[in-house]
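I have placed the structure first, in the form of structure tokens, so that the comments after it can refer back to it.
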Amino acid sequence: MPPTALHSKKLPLTEDCLHYDNIYEVPHDIQKYWYQRYNIFQFYDYDIRLTDDAWFGVTPEPVATQIAKDISPTTLSHTTLIDIFAGAGGNVIAFALSEKWERIIAIEKNAATLACAQHNAEVYGVLDAITWVHGDSFEYLAQAKGDPSSLDETIQIDLATTTVFASPPWGGVNYKDDEIFDPSTMEPYNLEFLYKACHPMEHVLFLPRTSDIRQIARLVPDGAKVDVVQYCMEGASKAMVAYMPAARN
Ligand SMILES: C[S@@+](CC[C@H](N)C(=O)[O-])C[C@H]1O[C@@H](n2cnc3c(N)ncnc32)[C@H](O)[C@@H]1O
């Protein structure tokens with residue numbers, strides 16, 4: 001399915017776009033996340049929707065807000081931000097609320113998850129501040145880099161003025177068990193794959209907190225500066241975020 005800009009179109013909520021009011025409704029493996037629901041979305045009670053899968057990957061609001069503060073257009077000419085894994089909207093809503101970007105594009109391949117993100121963005125009053133794309137981010141990036149005119153005009157980008165934010169699924173070898181997590185084992189997209197897809201542009205990678213910094217350093221050109229930041233909540237790191245420079249090679 002080619003990446004499709006949704007313009008002002010809102011995908012319909014499906015039976016997978018759920019709002020749990022009561023712990024008795026919540027599947028067992030999601031209950032610990034549900035107890036943190038107001039940390040995840042402070043306006044949870046205003047009918048925030050998530051698919052059952054989205055609970056595992058959504059970025060909690062305080063972390064998303066801080067990341068949105070920290071990602072500034074590094075040069076005044078950076079005007080577009082693309083969230084290539086929009087999920088249920090945790091990060092992209094915070095980016096829109098920061099009001100720093102002329103344009104924000106959010107891409108998500110799962111229709112029910114994207115419907116949740118759009119609905120949640122509406123709860124936060126930023127639905128129309130985001131250009132929504134239903135499709136595969138890597139197809140989108142390949143087209144944006146190689147054949148931009150094949151994309152709808154509303155989602156064409158200038159690589160020199162665009163920052164990419166990537167919070168990929170963290171599947172693969174269980175990152176929670178490793179003292180140092182090897183991001184080359186991340187599935188379905190490992191660190192090198194993500195870097196190759198994004199690297200002509202400045203990009204920001206949201207990774208497991210114990211990710212091996214040496215692997216990140218190996219990717220960038222000599223002399224490049226990479227900021228690596230731990231984002232914490234309630235006394236524990238939730239994620240490591242690597243701020244990767246643009247590299248034209
Ligand atoms: C960890 S979640 C992102 C969570 C998001 N940052 C949030 O706060 O809600 C990763 C998301 O990427 C989506 N995804 C995975 N592969 C994708 C692809 N190739 N293109 C677009 N979306 C993809 C998944 O469906 C999932 O919703």
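We name chains A, B, ... following the order of the structure tokens; residues begin at 1 in each chain, and ligands are numbered from 1 as shown.
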
Select from chain A every residue with an atom at most 8 Å from any atom of ligand 1, then for each give the shortest pair of atoms and their distance in Å to one decimal, using only C-alpha atoms and all ligand atoms, rows by chain and rising number, as a Markdown table.
| residue | atom | partner | partner_atom_place_in_ligand_line | distance |
| --- | --- | --- | --- | --- |
| A:Asp53 | CA | ligand 1 | 27 (O) | 7.8 |
| A:Ala54 | CA | ligand 1 | 27 (O) | 6.1 |
| A:Phe56 | CA | ligand 1 | 1 (C) | 7.3 |
| A:Gly57 | CA | ligand 1 | 1 (C) | 3.9 |
| A:Val58 | CA | ligand 1 | 8 (O) | 3.7 |
| A:Thr59 | CA | ligand 1 | 8 (O) | 3.9 |
| A:Pro60 | CA | ligand 1 | 8 (O) | 7.0 |
| A:Ala64 | CA | ligand 1 | 8 (O) | 7.3 |
| A:Asp83 | CA | ligand 1 | 6 (N) | 7.8 |
| A:Ile84 | CA | ligand 1 | 21 (C) | 6.0 |
| A:Phe85 | CA | ligand 1 | 12 (O) | 3.9 |
| A:Ala86 | CA | ligand 1 | 5 (C) | 4.8 |
| A:Gly87 | CA | ligand 1 | 27 (O) | 3.5 |
| A:Ala88 | CA | ligand 1 | 9 (O) | 3.9 |
| A:Gly89 | CA | ligand 1 | 9 (O) | 4.2 |
| A:Gly90 | CA | ligand 1 | 8 (O) | 3.2 |
| A:Asn91 | CA | ligand 1 | 8 (O) | 4.5 |
| A:Val92 | CA | ligand 1 | 6 (N) | 7.1 |
| A:Ile107 | CA | ligand 1 | 21 (C) | 5.5 |
| A:Glu108 | CA | ligand 1 | 22 (N) | 3.8 |
| A:Lys109 | CA | ligand 1 | 21 (C) | 4.1 |
| A:Asn110 | CA | ligand 1 | 25 (O) | 5.0 |
| A:Thr113 | CA | ligand 1 | 27 (O) | 6.0 |
| A:Leu114 | CA | ligand 1 | 27 (O) | 7.7 |
| A:Ala117 | CA | ligand 1 | 9 (O) | 7.3 |
| A:His134 | CA | ligand 1 | 21 (C) | 7.7 |
| A:Gly135 | CA | ligand 1 | 21 (C) | 5.8 |
| A:Asp136 | CA | ligand 1 | 20 (N) | 3.6 |
| A:Ser137 | CA | ligand 1 | 20 (N) | 3.9 |
| A:Phe138 | CA | ligand 1 | 19 (N) | 5.7 |
| A:Glu139 | CA | ligand 1 | 19 (N) | 7.8 |
| A:Ala166 | CA | ligand 1 | 6 (N) | 7.5 |
| A:Ser167 | CA | ligand 1 | 6 (N) | 5.1 |
| A:Pro168 | CA | ligand 1 | 10 (C) | 4.7 |
| A:Pro169 | CA | ligand 1 | 1 (C) | 4.3 |
| A:Trp170 | CA | ligand 1 | 1 (C) | 6.9 |
| A:Pro188 | CA | ligand 1 | 16 (N) | 7.7 |

Exercise. What lies within 9 Å of A:Pro12 using only C-alpha atoms, ignoring chain neighbours under 6 positions off, as number ranges by chain?
Worked result: A: 111-112, 115-116, 119

For this session: Show which residues sit within 12 Å of stretch 214-227 of chain A, as a ChimeraX atom specification. Count only C-alpha atoms, and ignore same-chain residues fewer than 4 positions away.
Result: /A:70-71,180-185,190-196,198-200,202-205,207,210,240-249

Could you write out that same residue set with C-alpha atoms as an mmCIF file, in the first residue's frame?
data_model
loop_
_atom_site.group_PDB
_atom_site.id
_atom_site.type_symbol
_atom_site.label_atom_id
_atom_site.label_comp_id
_atom_site.auth_asym_id
_atom_site.auth_seq_id
_atom_site.Cartn_x
_atom_site.Cartn_y
_atom_site.Cartn_z
ATOM 1 C CA ASP A 70 14.607 19.217 23.565
ATOM 2 C CA ILE A 71 14.179 18.667 19.831
ATOM 3 C CA ILE A 180 23.804 -3.557 27.599
ATOM 4 C CA PHE A 181 21.231 -3.949 24.852
ATOM 5 C CA ASP A 182 22.520 -4.750 21.389
ATOM 6 C CA PRO A 183 20.420 -2.576 19.045
ATOM 7 C CA SER A 184 21.545 -4.630 16.056
ATOM 8 C CA THR A 185 19.148 -7.318 17.375
ATOM 9 C CA ASN A 190 17.578 -2.643 13.797
ATOM 10 C CA LEU A 191 19.723 0.421 14.483
ATOM 11 C CA GLU A 192 21.669 0.280 11.235
ATOM 12 C CA PHE A 193 18.512 -0.125 9.177
ATOM 13 C CA LEU A 194 16.937 2.900 10.888
ATOM 14 C CA TYR A 195 20.090 4.965 10.399
ATOM 15 C CA LYS A 196 20.300 4.074 6.702
ATOM 16 C CA CYS A 198 16.912 8.358 8.009
ATOM 17 C CA HIS A 199 20.519 9.511 7.830
ATOM 18 C CA PRO A 200 20.442 12.058 5.047
ATOM 19 C CA GLU A 202 18.914 14.974 11.095
ATOM 20 C CA HIS A 203 17.102 12.306 13.097
ATOM 21 C CA VAL A 204 16.223 11.404 16.634
ATOM 22 C CA LEU A 205 16.097 7.752 17.699
ATOM 23 C CA LEU A 207 15.794 3.468 21.898
ATOM 24 C CA THR A 210 20.508 0.306 27.924
ATOM 25 C CA MET A 240 17.635 6.510 25.620
ATOM 26 C CA VAL A 241 17.277 9.093 22.893
ATOM 27 C CA ALA A 242 20.074 9.673 20.377
ATOM 28 C CA TYR A 243 20.144 12.980 18.517
ATOM 29 C CA MET A 244 21.819 12.059 15.227
ATOM 30 C CA PRO A 245 23.240 14.664 12.873
ATOM 31 C CA ALA A 246 22.407 14.774 9.187
ATOM 32 C CA ALA A 247 25.088 13.066 7.116
ATOM 33 C CA ARG A 248 25.357 13.311 3.370
ATOM 34 C CA ASN A 249 27.069 10.082 2.361
#

Seminar exercise, completed: From the list A:Asn39, A:Thr51, A:Tyr124, A:Thr14, the nearest residue to A:Val26 using only C-alpha atoms is A:Thr51

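Here atom CA of A:Gln156 is placed at a distance of 12.1 Å from atom CA of A:Leu81.
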
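Counting only C-alpha atoms, the residue from A:Gln118, A:Glu187, A:Leu151, A:Tyr46 that sits nearest to A:Leu11 is A:Gln118.
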
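Checking A:Phe95, A:Tyr44, A:Ile82, A:Ile157 one by one against A:Thr65, counting only C-alpha atoms, you find the shortest gap at A:Phe95.
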
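Atom CA of A:Ile23 is positioned 27.5 Å from atom CA of A:Gly125.
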
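Reported to one decimal place, the separation of atom CA of A:Ile93 from atom CA of A:Leu141 is 21.3 Å.
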
Exercise. How would you write, as number ranges by chain, the set of residues in stretch 46-229 of chain A that DSSP gives as strand (DSSP E)?
Worked result: A: 80-83, 103-108, 131-134, 162-166, 171-172, 186-187, 202-207, 227-229

Problem set entry | Per-residue DSSP, stretch 73-241 of chain A, filtered to alpha helix (DSSP H), as a VMD selection string | chain A and resid 90 to 98 111 to 123 137 to 146 191 to 198 213 to 219

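Distance check against A:Pro208 using only C-alpha atoms: of A:Tyr189, A:Trp55, A:Tyr175, A:Tyr231, the minimum falls on A:Tyr175.
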
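The residue that comes closest to A:Asp177, out of A:Ser211, A:Ser150, A:Ser77, A:Gln230 and on the basis of only C-alpha atoms, is A:Ser211.
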